[in-house]
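Step one of this worksheet: look at the structure below.
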Amino acid sequence: MKKEKKHKGVVFLMVVFAIALIATITMGIMVMTTEELQLMNNQLRFAEAMCTAEAGLNDAFYRIRTNSSWTTGFPNKVFNGGTYTVTVTGTLPNRTITSTGTTAQGFITRIAADVTVGTSSPYIIRIDKLRVNE
């Protein structure tokens with residue numbers, strides 16, 4: 001009978017060790033999954049901010065195509081639950097259009113385009129250089 005008690009203690013320790021090992025592995029997997037979900041969420045919000053900034057850039061292109069001397073820009077124009085702000089600088093035919101898109105969650109992306117504007121209506125816009133988040 002004494003031998004059986006000795007083996008019962010060893011089995012108990014092995015079971016406790018196995019449970020601790022499984023719990024540690026499970027927590028590690030949960031931490032990795034949580035980090036992956038956060039990275040995915042950040043990527044999604046960045047893409048949303050990028051699309052908002054691109055919408056501002058396209059809105060500015062539309063205005064310039066109809067009026068080449070347009071430089072008013074847009075302060076915090078609402079789009080897709082967020083906003084974009086557009087500024088236009090430079091002299092014709094060379095302009096720099098900067099659009100900053102902000103999501104409802106506060107993610108921000110900035111796109112700047114150096115463009116050349118054509119001389120006759122509808123004014124053709126050629127993008128010479130496009131910069132993102134510089």
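Every chain in the structure tokens has a letter given in the order shown (A, B, ...), and although residue numbers restart at 1 in each chain, ligands are simply numbered from 1 in the order shown.
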
| field | Shell of 12 Å around region 113-116 of chain A, only C-alpha atoms, local chain residues under 5 positions omitted, as a PyMOL selection string | value | chain A and resi 53-54+56-58+60-61+64-65+68+86-100+123-134

Next, write the just-selected residues to a file, as a tab-separated table (two decimals), in the first residue's frame, keeping N, CA and C atoms as the atom set.
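Output contents, as saved in again-v4.tsv:
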```tsv
chain	number	residue	atom	x	y	z
A	53	ALA	N	-8.25	60.62	-47.37
A	53	ALA	CA	-7.30	61.59	-47.94
A	53	ALA	C	-7.37	61.58	-49.47
A	54	GLU	N	-7.50	60.40	-50.07
A	54	GLU	CA	-7.62	60.31	-51.53
A	54	GLU	C	-8.90	60.98	-52.01
A	56	GLY	N	-10.28	63.57	-50.67
A	56	GLY	CA	-9.99	65.00	-50.66
A	56	GLY	C	-9.16	65.42	-51.85
A	57	LEU	N	-8.20	64.60	-52.21
A	57	LEU	CA	-7.36	64.88	-53.38
A	57	LEU	C	-8.21	64.88	-54.66
A	58	ASN	N	-9.08	63.89	-54.80
A	58	ASN	CA	-9.95	63.82	-55.98
A	58	ASN	C	-10.93	64.99	-56.02
A	60	ALA	N	-10.33	67.97	-54.87
A	60	ALA	CA	-9.53	69.11	-55.32
A	60	ALA	C	-9.26	69.04	-56.81
A	61	PHE	N	-8.97	67.84	-57.32
A	61	PHE	CA	-8.76	67.68	-58.77
A	61	PHE	C	-9.99	68.13	-59.54
A	64	ILE	N	-10.14	71.92	-59.61
A	64	ILE	CA	-9.11	72.51	-60.47
A	64	ILE	C	-9.42	72.26	-61.94
A	65	ARG	N	-10.01	71.11	-62.27
A	65	ARG	CA	-10.37	70.83	-63.67
A	65	ARG	C	-11.40	71.83	-64.19
A	68	SER	N	-8.97	76.45	-63.02
A	68	SER	CA	-7.54	76.23	-62.77
A	68	SER	C	-6.97	77.18	-61.72
A	86	VAL	N	-7.93	69.97	-47.27
A	86	VAL	CA	-7.13	70.11	-48.49
A	86	VAL	C	-6.58	71.53	-48.57
A	87	THR	N	-5.29	71.62	-48.90
A	87	THR	CA	-4.67	72.92	-49.17
A	87	THR	C	-4.04	72.86	-50.55
A	88	VAL	N	-4.07	74.01	-51.23
A	88	VAL	CA	-3.49	74.12	-52.57
A	88	VAL	C	-2.48	75.27	-52.53
A	89	THR	N	-1.24	74.97	-52.93
A	89	THR	CA	-0.20	76.00	-52.93
A	89	THR	C	0.51	75.99	-54.29
A	90	GLY	N	1.31	77.01	-54.52
A	90	GLY	CA	2.06	77.11	-55.77
A	90	GLY	C	1.37	78.01	-56.77
A	91	THR	N	2.06	78.27	-57.88
A	91	THR	CA	1.51	79.11	-58.94
A	91	THR	C	1.35	78.26	-60.19
A	92	LEU	N	0.37	78.67	-61.01
A	92	LEU	CA	0.11	77.93	-62.25
A	92	LEU	C	1.33	77.97	-63.14
A	93	PRO	N	1.65	76.93	-63.84
A	93	PRO	CA	0.90	75.68	-63.97
A	93	PRO	C	1.25	74.65	-62.90
A	94	ASN	N	2.19	74.97	-62.00
A	94	ASN	CA	2.62	73.99	-61.00
A	94	ASN	C	1.94	74.26	-59.67
A	95	ARG	N	1.32	73.24	-59.14
A	95	ARG	CA	0.62	73.34	-57.86
A	95	ARG	C	1.02	72.16	-56.99
A	96	THR	N	0.88	72.35	-55.69
A	96	THR	CA	1.01	71.25	-54.74
A	96	THR	C	-0.31	71.17	-53.99
A	97	ILE	N	-0.93	70.01	-54.06
A	97	ILE	CA	-2.20	69.78	-53.38
A	97	ILE	C	-1.92	68.81	-52.24
A	98	THR	N	-2.28	69.21	-51.04
A	98	THR	CA	-2.07	68.37	-49.86
A	98	THR	C	-3.42	68.05	-49.25
A	99	SER	N	-3.69	66.77	-49.07
A	99	SER	CA	-4.94	66.32	-48.47
A	99	SER	C	-4.63	65.48	-47.24
A	100	THR	N	-5.26	65.84	-46.13
A	100	THR	CA	-5.09	65.12	-44.88
A	100	THR	C	-6.42	64.49	-44.50
A	123	TYR	N	-9.30	71.63	-67.68
A	123	TYR	CA	-7.88	71.65	-67.35
A	123	TYR	C	-7.39	70.25	-66.98
A	124	ILE	N	-6.45	69.76	-67.76
A	124	ILE	CA	-5.90	68.43	-67.52
A	124	ILE	C	-4.87	68.55	-66.41
A	125	ILE	N	-4.91	67.60	-65.49
A	125	ILE	CA	-3.99	67.60	-64.36
A	125	ILE	C	-3.05	66.41	-64.49
A	126	ARG	N	-1.76	66.70	-64.47
A	126	ARG	CA	-0.75	65.64	-64.51
A	126	ARG	C	-0.08	65.58	-63.13
A	127	ILE	N	-0.10	64.39	-62.52
A	127	ILE	CA	0.56	64.22	-61.23
A	127	ILE	C	2.04	63.95	-61.49
A	128	ASP	N	2.89	64.87	-61.04
A	128	ASP	CA	4.33	64.72	-61.23
A	128	ASP	C	4.97	63.91	-60.10
A	129	LYS	N	4.47	64.12	-58.90
A	129	LYS	CA	5.04	63.42	-57.75
A	129	LYS	C	3.94	63.26	-56.70
A	130	LEU	N	3.85	62.07	-56.14
A	130	LEU	CA	2.84	61.76	-55.11
A	130	LEU	C	3.56	61.26	-53.87
A	131	ARG	N	3.28	61.90	-52.73
A	131	ARG	CA	3.94	61.52	-51.48
A	131	ARG	C	2.87	61.17	-50.44
A	132	VAL	N	3.12	60.10	-49.70
A	132	VAL	CA	2.19	59.67	-48.65
A	132	VAL	C	2.91	59.72	-47.31
A	133	ASN	N	2.31	60.42	-46.36
A	133	ASN	CA	2.82	60.50	-44.98
A	133	ASN	C	4.27	60.97	-44.89
A	134	GLU	N	4.61	61.96	-45.66
A	134	GLU	CA	5.96	62.55	-45.54
A	134	GLU	C	5.91	63.78	-44.69
```

| request: Excluding Ala104 (chain A) and any residue of its chain fewer than 5 positions from it, enumerate the residues within 12 Å of it, using only C-alpha atoms, and give them as a PyMOL selection string. | output: chain A and resi 45-46+48-49+52+78-84

| said: For a quick check of understanding, using only C-alpha atoms, which of A:Thr109, A:Thr24, A:Asn67, A:Thr102 has the smallest distance to Ser121 (chain A)? | reply: A:Asn67

| said: Which of region 48-80 of chain A end up as strand (DSSP E) when DSSP is run on this backbone - answer as a PyMOL selection string? | reply: chain A and resi 74-79

| request: Rank nothing, just name the residue among A:Met40, A:Arg63, A:Ala23, A:Leu13 nearest to Pro122 (chain A), using only C-alpha atoms. | output: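 That would be A:Arg63, the residue with the smallest distance to Pro122 (chain A).
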
| said: When DSSP is applied to the backbone of this structure, which of chain A are assigned alpha helix (DSSP H)? Write them out as a count of residues only. | reply: 65

| query | Which is closest to Thr103 (chain A) among A:Ser120, A:Asn42, A:Thr71, A:Thr26, if we use only C-alpha atoms? | reply |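 Looking at the shortest contact to Thr103 (chain A), the residue is A:Asn42.
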